[in-house]
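Asks: Below is the file structure12.pdb, with PDB, C-alpha atoms.
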```pdb
ATOM      1  CA  MET A   1      -8.254 -30.556  64.654
ATOM      2  CA  GLY A   2      -9.338 -31.377  61.130
ATOM      3  CA  LYS A   3      -7.245 -32.295  58.136
ATOM      4  CA  ILE A   4      -4.514 -30.314  56.387
ATOM      5  CA  ARG A   5      -5.563 -28.522  53.222
ATOM      6  CA  LEU A   6      -2.707 -27.818  50.829
ATOM      7  CA  TYR A   7      -2.827 -24.808  48.517
ATOM      8  CA  VAL A   8      -0.480 -23.685  45.736
ATOM      9  CA  ASP A   9      -0.560 -21.235  42.838
ATOM     10  CA  ASN A  10      -0.229 -21.852  39.148
ATOM     11  CA  ALA A  11       3.441 -20.813  39.050
ATOM     12  CA  CYS A  12       4.172 -24.416  40.086
ATOM     13  CA  ASP A  13       3.314 -25.385  36.467
ATOM     14  CA  LEU A  14       1.621 -28.633  37.481
ATOM     15  CA  ASP A  15      -1.465 -29.627  35.534
ATOM     16  CA  THR A  16      -4.812 -29.072  37.222
ATOM     17  CA  ASP A  17      -5.855 -32.720  36.852
ATOM     18  CA  PHE A  18      -2.638 -33.883  38.504
ATOM     19  CA  LEU A  19      -3.133 -31.508  41.434
ATOM     20  CA  GLU A  20      -6.699 -32.745  41.877
ATOM     21  CA  GLN A  21      -5.362 -36.283  42.185
ATOM     22  CA  LEU A  22      -3.008 -35.036  44.905
ATOM     23  CA  GLN A  23      -5.930 -33.209  46.591
ATOM     24  CA  VAL A  24      -4.186 -29.870  46.190
ATOM     25  CA  LYS A  25      -6.121 -26.668  45.453
ATOM     26  CA  MET A  26      -4.707 -23.975  43.202
ATOM     27  CA  PHE A  27      -4.890 -20.192  43.128
ATOM     28  CA  TYR A  28      -4.602 -18.708  39.626
ATOM     29  CA  MET A  29      -2.508 -15.667  38.731
ATOM     30  CA  PRO A  30      -3.871 -13.244  36.142
ATOM     31  CA  VAL A  31      -2.042 -12.554  32.884
ATOM     32  CA  THR A  32      -3.080  -9.780  30.489
ATOM     33  CA  ILE A  33      -2.536 -10.202  26.747
ATOM     34  CA  LYS A  34      -3.773  -7.635  24.241
ATOM     35  CA  ASP A  35      -5.986  -5.929  26.864
ATOM     36  CA  ARG A  36      -7.678  -9.183  27.841
ATOM     37  CA  THR A  37      -7.038 -10.750  31.237
ATOM     38  CA  TYR A  38      -6.849 -14.516  31.642
ATOM     39  CA  ARG A  39      -6.230 -16.878  34.537
ATOM     40  CA  ASP A  40      -3.186 -18.969  33.707
ATOM     41  CA  ARG A  41      -4.103 -22.662  33.307
ATOM     42  CA  LEU A  42      -7.766 -21.901  34.054
ATOM     43  CA  SER A  43      -8.972 -19.739  31.176
ATOM     44  CA  ILE A  44      -5.886 -19.971  28.961
ATOM     45  CA  SER A  45      -3.867 -23.100  28.236
ATOM     46  CA  PRO A  46      -0.094 -23.047  27.689
ATOM     47  CA  PRO A  47      -0.401 -23.785  23.924
ATOM     48  CA  GLU A  48      -2.885 -20.932  23.487
ATOM     49  CA  PHE A  49      -0.636 -18.627  25.480
ATOM     50  CA  TYR A  50       2.393 -19.333  23.252
ATOM     51  CA  ARG A  51       0.272 -18.858  20.137
ATOM     52  CA  LEU A  52      -0.836 -15.421  21.309
ATOM     53  CA  ILE A  53       2.602 -14.160  22.317
ATOM     54  CA  SER A  54       4.101 -15.299  19.000
ATOM     55  CA  GLU A  55       2.295 -12.401  17.324
ATOM     56  CA  PRO A  56       4.541  -9.360  16.709
ATOM     57  CA  GLY A  57       4.515  -6.729  19.430
ATOM     58  CA  VAL A  58       2.524  -8.774  21.939
ATOM     59  CA  ILE A  59       3.893  -8.429  25.478
ATOM     60  CA  PRO A  60       2.101 -10.366  28.244
ATOM     61  CA  MET A  61       1.750  -8.743  31.651
ATOM     62  CA  THR A  62       1.416 -10.811  34.823
ATOM     63  CA  ALA A  63       0.062  -9.718  38.208
ATOM     64  CA  GLN A  64       0.078 -11.129  41.713
ATOM     65  CA  ILE A  65      -2.882 -12.704  43.440
ATOM     66  CA  THR A  66      -4.483 -10.150  45.751
ATOM     67  CA  PRO A  67      -4.898 -10.391  49.548
ATOM     68  CA  VAL A  68      -8.658 -10.147  49.013
ATOM     69  CA  GLU A  69      -8.703 -13.318  46.941
ATOM     70  CA  PHE A  70      -6.624 -15.222  49.479
ATOM     71  CA  ARG A  71      -8.714 -13.881  52.358
ATOM     72  CA  GLY A  72     -11.959 -15.078  50.794
ATOM     73  CA  GLU A  73     -10.742 -18.646  50.404
ATOM     74  CA  PHE A  74      -8.943 -18.809  53.755
ATOM     75  CA  LYS A  75     -11.883 -17.325  55.664
ATOM     76  CA  GLN A  76     -14.332 -19.843  54.213
ATOM     77  CA  VAL A  77     -12.165 -22.819  55.198
ATOM     78  CA  ILE A  78     -11.516 -21.532  58.712
ATOM     79  CA  GLU A  79     -15.161 -20.667  59.400
ATOM     80  CA  GLU A  80     -16.672 -23.845  57.933
ATOM     81  CA  SER A  81     -14.254 -26.491  59.239
ATOM     82  CA  ASP A  82     -11.615 -27.395  61.789
ATOM     83  CA  ASP A  83      -9.054 -27.848  59.007
ATOM     84  CA  GLU A  84      -5.632 -26.253  58.852
ATOM     85  CA  ILE A  85      -4.197 -24.590  55.746
ATOM     86  CA  ILE A  86      -0.711 -24.761  54.285
ATOM     87  CA  TYR A  87      -0.132 -22.524  51.285
ATOM     88  CA  ILE A  88       3.164 -22.898  49.430
ATOM     89  CA  ALA A  89       3.750 -19.741  47.400
ATOM     90  CA  PHE A  90       5.627 -18.780  44.257
ATOM     91  CA  SER A  91       9.043 -17.318  45.099
ATOM     92  CA  SER A  92       8.855 -13.946  46.841
ATOM     93  CA  GLY A  93      11.929 -12.972  44.824
ATOM     94  CA  LEU A  94       9.821 -12.981  41.659
ATOM     95  CA  SER A  95       6.308 -12.037  42.769
ATOM     96  CA  GLY A  96       4.395 -10.261  45.500
ATOM     97  CA  THR A  97       1.960 -13.173  45.803
ATOM     98  CA  TYR A  98       3.650 -14.532  48.934
ATOM     99  CA  GLN A  99       3.260 -11.164  50.661
ATOM    100  CA  SER A 100      -0.412 -11.018  49.632
ATOM    101  CA  ALA A 101      -1.013 -14.409  51.223
ATOM    102  CA  CYS A 102       0.746 -13.334  54.431
ATOM    103  CA  ILE A 103      -1.542 -10.310  54.686
ATOM    104  CA  ALA A 104      -4.591 -12.543  54.250
ATOM    105  CA  ARG A 105      -3.277 -15.067  56.786
ATOM    106  CA  ASP A 106      -2.875 -12.357  59.408
ATOM    107  CA  MET A 107      -6.388 -11.073  58.713
ATOM    108  CA  VAL A 108      -8.003 -14.505  59.121
ATOM    109  CA  ASP A 109      -6.165 -16.852  61.537
ATOM    110  CA  PRO A 110      -2.345 -17.039  61.760
ATOM    111  CA  ARG A 111      -2.585 -20.058  64.082
ATOM    112  CA  ARG A 112      -4.301 -22.307  61.538
ATOM    113  CA  ILE A 113      -2.858 -20.883  58.327
ATOM    114  CA  THR A 114       0.768 -21.438  57.343
ATOM    115  CA  VAL A 115       2.190 -19.525  54.373
ATOM    116  CA  ILE A 116       5.562 -20.693  53.057
ATOM    117  CA  ASP A 117       7.789 -18.983  50.511
ATOM    118  CA  SER A 118       8.903 -21.752  48.129
ATOM    119  CA  ARG A 119      11.797 -19.630  46.830
ATOM    120  CA  SER A 120      11.160 -21.640  43.669
ATOM    121  CA  ALA A 121       9.307 -21.539  40.389
ATOM    122  CA  SER A 122       7.722 -23.895  37.897
ATOM    123  CA  VAL A 123       8.287 -27.620  38.398
ATOM    124  CA  GLY A 124      11.037 -26.918  40.944
ATOM    125  CA  TYR A 125       8.259 -25.422  43.048
ATOM    126  CA  GLY A 126       6.057 -28.293  41.902
ATOM    127  CA  LEU A 127       8.395 -30.963  43.303
ATOM    128  CA  THR A 128       8.066 -29.376  46.753
ATOM    129  CA  VAL A 129       4.287 -29.388  46.364
ATOM    130  CA  ILE A 130       4.300 -33.071  45.408
ATOM    131  CA  ARG A 131       6.394 -33.974  48.441
ATOM    132  CA  ALA A 132       4.045 -32.054  50.743
ATOM    133  CA  ALA A 133       0.954 -33.678  49.225
ATOM    134  CA  ARG A 134       2.442 -37.149  49.608
ATOM    135  CA  ASP A 135       3.392 -36.424  53.219
ATOM    136  CA  ILE A 136      -0.154 -35.267  53.989
ATOM    137  CA  ALA A 137      -1.604 -38.367  52.319
ATOM    138  CA  ALA A 138       0.734 -40.503  54.459
ATOM    139  CA  GLY A 139      -0.792 -38.999  57.593
ATOM    140  CA  LYS A 140       2.156 -36.904  58.717
ATOM    141  CA  SER A 141       1.600 -34.060  61.170
ATOM    142  CA  ARG A 142       1.619 -30.407  60.177
ATOM    143  CA  GLU A 143       5.078 -30.015  61.708
ATOM    144  CA  GLU A 144       6.404 -32.998  59.737
ATOM    145  CA  VAL A 145       4.872 -31.737  56.496
ATOM    146  CA  ILE A 146       6.377 -28.276  56.997
ATOM    147  CA  ALA A 147       9.785 -29.813  57.791
ATOM    148  CA  GLY A 148       9.663 -31.725  54.497
ATOM    149  CA  ILE A 149       8.706 -28.582  52.600
ATOM    150  CA  ASN A 150      11.591 -26.640  54.114
ATOM    151  CA  ASP A 151      14.010 -29.474  53.373
ATOM    152  CA  ASN A 152      13.040 -29.372  49.696
ATOM    153  CA  ILE A 153      13.289 -25.583  49.585
ATOM    154  CA  THR A 154      16.890 -25.651  50.807
ATOM    155  CA  ARG A 155      17.918 -28.394  48.377
ATOM    156  CA  ILE A 156      15.972 -27.860  45.143
ATOM    157  CA  GLN A 157      17.950 -26.956  42.037
ATOM    158  CA  HIS A 158      16.608 -25.140  38.951
ATOM    159  CA  ILE A 159      18.855 -25.423  35.890
ATOM    160  CA  PHE A 160      17.252 -23.994  32.781
ATOM    161  CA  ILE A 161      18.041 -23.056  29.227
ATOM    162  CA  VAL A 162      16.442 -19.763  28.223
ATOM    163  CA  GLY A 163      14.704 -20.210  24.903
ATOM    164  CA  HIS A 164      15.051 -16.799  23.324
ATOM    165  CA  PHE A 165      16.858 -13.642  24.336
ATOM    166  CA  ASP A 166      13.950 -11.471  23.205
ATOM    167  CA  MET A 167      11.931 -12.313  26.325
ATOM    168  CA  LEU A 168      14.840 -11.312  28.547
ATOM    169  CA  LYS A 169      15.105  -8.088  26.571
ATOM    170  CA  ARG A 170      11.383  -7.402  27.026
ATOM    171  CA  GLY A 171      11.744  -7.898  30.757
ATOM    172  CA  GLY A 172      14.654  -5.466  30.890
ATOM    173  CA  ARG A 173      17.157  -8.121  31.997
ATOM    174  CA  ILE A 174      19.481  -7.659  28.994
ATOM    175  CA  SER A 175      20.045  -4.962  26.395
ATOM    176  CA  ALA A 176      18.658  -5.048  22.860
ATOM    177  CA  ALA A 177      22.202  -5.346  21.476
ATOM    178  CA  THR A 178      22.976  -8.330  23.695
ATOM    179  CA  ALA A 179      19.719 -10.016  22.687
ATOM    180  CA  THR A 180      20.393  -9.524  18.979
ATOM    181  CA  LEU A 181      23.945 -10.812  19.243
ATOM    182  CA  GLY A 182      22.901 -13.815  21.325
ATOM    183  CA  ASN A 183      20.218 -14.813  18.844
ATOM    184  CA  LEU A 184      22.497 -14.374  15.841
ATOM    185  CA  LEU A 185      25.277 -16.489  17.343
ATOM    186  CA  ASN A 186      22.855 -19.164  18.574
ATOM    187  CA  ILE A 187      24.053 -18.671  22.136
ATOM    188  CA  LYS A 188      21.978 -20.379  24.812
ATOM    189  CA  LEU A 189      21.923 -18.913  28.281
ATOM    190  CA  ILE A 190      21.921 -21.407  31.139
ATOM    191  CA  ALA A 191      20.516 -19.908  34.324
ATOM    192  CA  HIS A 192      19.764 -21.089  37.845
ATOM    193  CA  PHE A 193      18.037 -19.994  41.039
ATOM    194  CA  VAL A 194      19.872 -18.559  44.026
ATOM    195  CA  ASP A 195      17.707 -17.876  47.079
ATOM    196  CA  GLY A 196      14.552 -17.544  45.028
ATOM    197  CA  LYS A 197      15.893 -15.333  42.235
ATOM    198  CA  ILE A 198      17.108 -16.024  38.700
ATOM    199  CA  TYR A 199      20.786 -15.561  37.903
ATOM    200  CA  PRO A 200      22.791 -16.331  34.736
ATOM    201  CA  LEU A 201      25.085 -19.313  35.233
ATOM    202  CA  GLU A 202      26.917 -19.766  31.934
ATOM    203  CA  LYS A 203      26.486 -19.786  28.156
ATOM    204  CA  ALA A 204      26.645 -22.547  25.567
ATOM    205  CA  HIS A 205      26.847 -22.461  21.787
ATOM    206  CA  GLY A 206      23.768 -24.246  20.523
ATOM    207  CA  LEU A 207      20.966 -26.193  22.148
ATOM    208  CA  LYS A 208      22.683 -29.582  22.001
ATOM    209  CA  LYS A 209      25.667 -28.342  24.015
ATOM    210  CA  ALA A 210      23.383 -26.526  26.436
ATOM    211  CA  LYS A 211      21.414 -29.714  27.165
ATOM    212  CA  LYS A 212      24.621 -31.656  27.737
ATOM    213  CA  ARG A 213      25.807 -28.977  30.124
ATOM    214  CA  GLN A 214      22.498 -29.203  32.007
ATOM    215  CA  LEU A 215      23.232 -32.849  32.718
ATOM    216  CA  ASP A 216      26.824 -32.092  33.692
ATOM    217  CA  ILE A 217      25.513 -29.659  36.308
ATOM    218  CA  MET A 218      23.041 -32.278  37.526
ATOM    219  CA  GLU A 219      25.940 -34.668  38.055
ATOM    220  CA  GLU A 220      27.991 -31.990  39.841
ATOM    221  CA  ARG A 221      25.210 -30.894  42.193
ATOM    222  CA  GLY A 222      22.773 -33.790  42.473
ATOM    223  CA  TYR A 223      22.366 -36.449  45.139
ATOM    224  CA  GLN A 224      21.386 -40.050  44.419
ATOM    225  CA  LEU A 225      19.698 -38.907  41.227
ATOM    226  CA  SER A 226      18.484 -42.373  40.272
ATOM    227  CA  GLU A 227      16.329 -42.450  43.420
ATOM    228  CA  GLN A 228      14.815 -39.008  42.967
ATOM    229  CA  LEU A 229      11.659 -37.659  41.372
ATOM    230  CA  ILE A 230      13.135 -35.536  38.574
ATOM    231  CA  GLY A 231      11.291 -32.512  37.226
ATOM    232  CA  ILE A 232      11.437 -31.356  33.605
ATOM    233  CA  ASN A 233       9.585 -28.505  31.981
ATOM    234  CA  HIS A 234       9.418 -26.979  28.537
ATOM    235  CA  SER A 235       7.766 -24.107  26.759
ATOM    236  CA  ASN A 236       6.072 -25.164  23.549
ATOM    237  CA  ASP A 237       8.294 -28.198  22.853
ATOM    238  CA  LEU A 238       7.264 -31.484  24.471
ATOM    239  CA  GLU A 239       9.493 -33.420  22.090
ATOM    240  CA  GLY A 240      12.519 -31.481  23.323
ATOM    241  CA  ALA A 241      11.579 -32.199  26.944
ATOM    242  CA  LEU A 242      11.234 -35.923  26.202
ATOM    243  CA  GLU A 243      14.691 -35.841  24.645
ATOM    244  CA  ILE A 244      16.082 -34.440  27.906
ATOM    245  CA  LYS A 245      14.214 -37.156  29.829
ATOM    246  CA  LYS A 246      15.871 -39.839  27.689
ATOM    247  CA  LEU A 247      19.303 -38.295  28.229
ATOM    248  CA  ILE A 248      18.739 -38.281  32.005
ATOM    249  CA  GLU A 249      17.484 -41.878  31.999
ATOM    250  CA  ASP A 250      20.484 -43.077  30.030
ATOM    251  CA  ARG A 251      23.056 -41.186  32.056
ATOM    252  CA  PHE A 252      21.733 -41.478  35.623
ATOM    253  CA  GLY A 253      19.239 -44.343  35.571
ATOM    254  CA  CYS A 254      16.385 -42.147  36.809
ATOM    255  CA  ARG A 255      12.946 -43.771  36.726
ATOM    256  CA  GLU A 256      10.437 -41.262  38.100
ATOM    257  CA  PHE A 257       9.722 -37.980  36.320
ATOM    258  CA  VAL A 258       7.180 -35.201  36.257
ATOM    259  CA  ILE A 259       7.098 -33.336  32.932
ATOM    260  CA  SER A 260       5.004 -30.221  32.404
ATOM    261  CA  GLU A 261       4.615 -27.319  30.030
ATOM    262  CA  ILE A 262       5.464 -23.868  31.355
ATOM    263  CA  GLY A 263       2.334 -21.775  31.773
ATOM    264  CA  ALA A 264       1.746 -18.065  31.322
ATOM    265  CA  ALA A 265       3.004 -16.992  34.767
ATOM    266  CA  ILE A 266       6.532 -18.173  33.998
ATOM    267  CA  GLY A 267       6.292 -18.209  30.203
ATOM    268  CA  SER A 268       5.675 -14.459  30.151
ATOM    269  CA  HIS A 269       9.306 -14.036  31.201
ATOM    270  CA  VAL A 270      11.086 -16.872  29.357
ATOM    271  CA  GLY A 271       9.140 -17.391  26.115
ATOM    272  CA  SER A 272       9.122 -20.436  23.847
ATOM    273  CA  GLY A 273      11.992 -22.891  23.641
ATOM    274  CA  THR A 274      12.915 -22.944  27.331
ATOM    275  CA  TYR A 275      13.864 -26.234  29.001
ATOM    276  CA  SER A 276      14.493 -26.818  32.691
ATOM    277  CA  VAL A 277      15.559 -29.671  34.927
ATOM    278  CA  PHE A 278      14.880 -29.841  38.671
ATOM    279  CA  PHE A 279      16.475 -32.101  41.259
ATOM    280  CA  LEU A 280      17.776 -32.174  44.843
ATOM    281  CA  THR A 281      21.238 -31.627  46.244
ATOM    282  CA  PRO A 282      22.495 -33.668  49.242
ATOM    283  CA  PRO A 283      20.609 -33.209  52.545
ATOM    284  CA  LYS A 284      21.725 -30.329  54.695
ATOM    285  CA  LYS A 285      23.677 -31.332  57.796
TER     286      LYS A 285
END
```
Can you present the structure in this file as structure tokens?
Replies:
Amino acid sequence: MGKIRLYVDNACDLDTDFLEQLQVKMFYMPVTIKDRTYRDRLSISPPEFYRLISEPGVIPMTAQITPVEFRGEFKQVIEESDDEIIYIAFSSGLSGTYQSACIARDMVDPRRITVIDSRSASVGYGLTVIRAARDIAAGKSREEVIAGINDNITRIQHIFIVGHFDMLKRGGRISAATATLGNLLNIKLIAHFVDGKIYPLEKAHGLKKAKKRQLDIMEERGYQLSEQLIGINHSNDLEGALEIKKLIEDRFGCREFVISEIGAAIGSHVGSGTYSVFFLTPPKK
């Protein structure tokens, strides 16, 4: 057999240059803004995305990657090489992209193509991708790489502060009255992932208290945090993300981080001013 080719989609929110260094190939989800369709992180950068959606009345619309697109890429690899494919997908709880990839896999070659539901998003998804890429580079077998992916999936934590209630209102997750009240009172919603879906966790009054609570939850749930690769993301506020990094360094002694800006696939649902931290819980027994 040939080598293992690792594929992801842009909902992992890792920069293209970084993924190229890891020898990971990306599929790009479409996002439509003001009747124009872009490919997140390919034809529209995160800063440009946030500039466009800051205009009054602009509502971005995302779509899944189609089976046809997956099939074209998978078929070319299978026909032109002896390589195997592992595609780690954006959470099936938030997108139909995973199902599209499964359809394409079954059309091409289920024996040489593995499609895995990350049950994650953004840099939480990205940390699983990084682990898989490092395992492949270390020469691990397909079975070993998949075992590492599944270990991350069962342990990864997403703890994020939602930047603005208006985006939740647009997505139909909260009422207009709740959004208005939350914004007026400067309430920050802290949310997390449970089995690949977003759920509210608790509320905090003000961003400073919300960031402190993020770290409290890290301490409650995390495992050997100082030895982990910690993920941080932000939407339109790198300075705020670096502040969180400093807080984590000071409190837990962490040394390795990946920091990225949230792209259009995720940013369409959370808006500007969102901050997330990603880390692992103890290994499953």
Asks: Please evaluate the PyMOL selection byres ((chain A and resi 145) around 9) against the displayed coordinates and give the resulting residues as an NGL selection string.
Replies: :A and (131-133 or 135-136 or 140-144 or 146-150)
Asks: Kindly export the residues of the current selection with C-alpha atoms, as a compact mmCIF listing (two decimals), in the frame of the given file.
Replies:
```txt
# COMPACT_ATOMS: atom_id res chain seq x y z
CA ARG A 131 6.39 -33.97 48.44
CA ALA A 132 4.04 -32.05 50.74
CA ALA A 133 0.95 -33.68 49.22
CA ASP A 135 3.39 -36.42 53.22
CA ILE A 136 -0.15 -35.27 53.99
CA LYS A 140 2.16 -36.90 58.72
CA SER A 141 1.60 -34.06 61.17
CA ARG A 142 1.62 -30.41 60.18
CA GLU A 143 5.08 -30.02 61.71
CA GLU A 144 6.40 -33.00 59.74
CA ILE A 146 6.38 -28.28 57.00
CA ALA A 147 9.78 -29.81 57.79
CA GLY A 148 9.66 -31.72 54.50
CA ILE A 149 8.71 -28.58 52.60
CA ASN A 150 11.59 -26.64 54.11
```
Asks: Name the residues that the PyMOL selection byres ((chain A and resi 189) around 6) picks from the file above, as a list of chain:residue names, using the file's chain letters and numbers.
Replies: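 Evaluating the PyMOL selection byres ((chain A and resi 189) around 6) on this file yields A:Ile161, A:Val162, A:Lys188, A:Ile190, A:Lys203.
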Asks: Applying the PyMOL selection byres ((chain A and resi 23) around 9) to the file I just gave you, which residues come out? Please list them as an MDAnalysis selection string.
Replies: chainID A and resid 5:6 18:22 24:25 133 137
Asks: Given the selection you just returned, output its residues as a file containing C-alpha atoms, formatted as a JSON list (two decimals), in the coordinates of the input.
Replies:
```
[["chain", "number", "residue", "atom", "x", "y", "z"],
["A", 5, "ARG", "CA", -5.56, -28.52, 53.22],
["A", 6, "LEU", "CA", -2.71, -27.82, 50.83],
["A", 18, "PHE", "CA", -2.64, -33.88, 38.50],
["A", 19, "LEU", "CA", -3.13, -31.51, 41.43],
["A", 20, "GLU", "CA", -6.70, -32.74, 41.88],
["A", 21, "GLN", "CA", -5.36, -36.28, 42.18],
["A", 22, "LEU", "CA", -3.01, -35.04, 44.90],
["A", 24, "VAL", "CA", -4.19, -29.87, 46.19],
["A", 25, "LYS", "CA", -6.12, -26.67, 45.45],
["A", 133, "ALA", "CA", 0.95, -33.68, 49.22],
["A", 137, "ALA", "CA", -1.60, -38.37, 52.32]]
```
Asks: Excluding Val68 in chain A and residues on its chain fewer than 3 positions from it, collect all residues at most 8 Å away from it, counting only C-alpha atoms, and give them as a VMD selection string.
Replies: chain A and resid 71 to 72 104
Asks: Residues near Asp83 in chain A, anyone? I mean within 9 Å using all atoms listed in the file, not counting same-chain ones fewer than 5 positions away, as a list of chain:residue names.
Replies: A:Met1, A:Gly2, A:Lys3, A:Ile4, A:Arg5, A:Val77, A:Ile78, A:Arg112
Asks: Just need range 259-267 of chain A in a file, please: all heavy atoms, as a PDB file, in the first residue's frame.
Replies:
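Ended up saving to selection-v4.pdb:
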```pdb
ATOM      1  N   ILE A 259      -3.130  29.040  17.945  1.00  0.00           N
ATOM      2  CA  ILE A 259      -4.095  30.141  18.011  1.00  0.00           C
ATOM      3  C   ILE A 259      -4.534  30.475  16.591  1.00  0.00           C
ATOM      4  O   ILE A 259      -3.696  30.638  15.701  1.00  0.00           O
ATOM      5  CB  ILE A 259      -3.484  31.382  18.680  1.00  0.00           C
ATOM      6  CG1 ILE A 259      -3.020  31.043  20.102  1.00  0.00           C
ATOM      7  CG2 ILE A 259      -4.495  32.536  18.712  1.00  0.00           C
ATOM      8  CD1 ILE A 259      -2.295  32.176  20.797  1.00  0.00           C
ATOM      9  N   SER A 260      -5.832  30.568  16.377  1.00  0.00           N
ATOM     10  CA  SER A 260      -6.332  30.822  15.029  1.00  0.00           C
ATOM     11  C   SER A 260      -7.578  31.686  15.078  1.00  0.00           C
ATOM     12  O   SER A 260      -8.298  31.696  16.078  1.00  0.00           O
ATOM     13  CB  SER A 260      -6.634  29.488  14.332  1.00  0.00           C
ATOM     14  OG  SER A 260      -7.036  29.702  12.988  1.00  0.00           O
ATOM     15  N   GLU A 261      -7.817  32.384  13.975  1.00  0.00           N
ATOM     16  CA  GLU A 261      -9.036  33.180  13.870  1.00  0.00           C
ATOM     17  C   GLU A 261     -10.155  32.330  13.280  1.00  0.00           C
ATOM     18  O   GLU A 261      -9.949  31.564  12.338  1.00  0.00           O
ATOM     19  CB  GLU A 261      -8.808  34.414  12.998  1.00  0.00           C
ATOM     20  CG  GLU A 261     -10.018  35.339  12.964  1.00  0.00           C
ATOM     21  CD  GLU A 261      -9.686  36.728  12.456  1.00  0.00           C
ATOM     22  OE1 GLU A 261      -8.622  36.911  11.839  1.00  0.00           O
ATOM     23  OE2 GLU A 261     -10.506  37.642  12.694  1.00  0.00           O
ATOM     24  N   ILE A 262     -11.337  32.470  13.838  1.00  0.00           N
ATOM     25  CA  ILE A 262     -12.504  31.729  13.367  1.00  0.00           C
ATOM     26  C   ILE A 262     -12.877  32.200  11.961  1.00  0.00           C
ATOM     27  O   ILE A 262     -13.018  33.391  11.712  1.00  0.00           O
ATOM     28  CB  ILE A 262     -13.691  31.933  14.320  1.00  0.00           C
ATOM     29  CG1 ILE A 262     -13.337  31.424  15.724  1.00  0.00           C
ATOM     30  CG2 ILE A 262     -14.942  31.241  13.806  1.00  0.00           C
ATOM     31  CD1 ILE A 262     -14.355  31.816  16.789  1.00  0.00           C
ATOM     32  N   GLY A 263     -13.023  31.251  11.052  1.00  0.00           N
ATOM     33  CA  GLY A 263     -13.384  31.582   9.684  1.00  0.00           C
ATOM     34  C   GLY A 263     -14.886  31.674   9.481  1.00  0.00           C
ATOM     35  O   GLY A 263     -15.682  31.591  10.423  1.00  0.00           O
ATOM     36  N   ALA A 264     -15.285  31.788   8.221  1.00  0.00           N
ATOM     37  CA  ALA A 264     -16.689  32.033   7.899  1.00  0.00           C
ATOM     38  C   ALA A 264     -17.599  30.863   8.248  1.00  0.00           C
ATOM     39  O   ALA A 264     -18.759  31.060   8.618  1.00  0.00           O
ATOM     40  CB  ALA A 264     -16.825  32.375   6.416  1.00  0.00           C
ATOM     41  N   ALA A 265     -17.105  29.632   8.151  1.00  0.00           N
ATOM     42  CA  ALA A 265     -17.964  28.468   8.414  1.00  0.00           C
ATOM     43  C   ALA A 265     -18.518  28.495   9.831  1.00  0.00           C
ATOM     44  O   ALA A 265     -19.698  28.206  10.055  1.00  0.00           O
ATOM     45  CB  ALA A 265     -17.189  27.178   8.181  1.00  0.00           C
ATOM     46  N   ILE A 266     -17.672  28.829  10.795  1.00  0.00           N
ATOM     47  CA  ILE A 266     -18.093  28.912  12.185  1.00  0.00           C
ATOM     48  C   ILE A 266     -18.540  30.333  12.527  1.00  0.00           C
ATOM     49  O   ILE A 266     -19.534  30.538  13.233  1.00  0.00           O
ATOM     50  CB  ILE A 266     -16.955  28.488  13.135  1.00  0.00           C
ATOM     51  CG1 ILE A 266     -16.377  27.133  12.735  1.00  0.00           C
ATOM     52  CG2 ILE A 266     -17.435  28.472  14.583  1.00  0.00           C
ATOM     53  CD1 ILE A 266     -17.353  25.994  12.805  1.00  0.00           C
ATOM     54  N   GLY A 267     -17.848  31.314  11.993  1.00  0.00           N
ATOM     55  CA  GLY A 267     -18.154  32.712  12.296  1.00  0.00           C
ATOM     56  C   GLY A 267     -19.539  33.139  11.863  1.00  0.00           C
ATOM     57  O   GLY A 267     -20.115  34.074  12.433  1.00  0.00           O
TER      58      GLY A 267
END
```
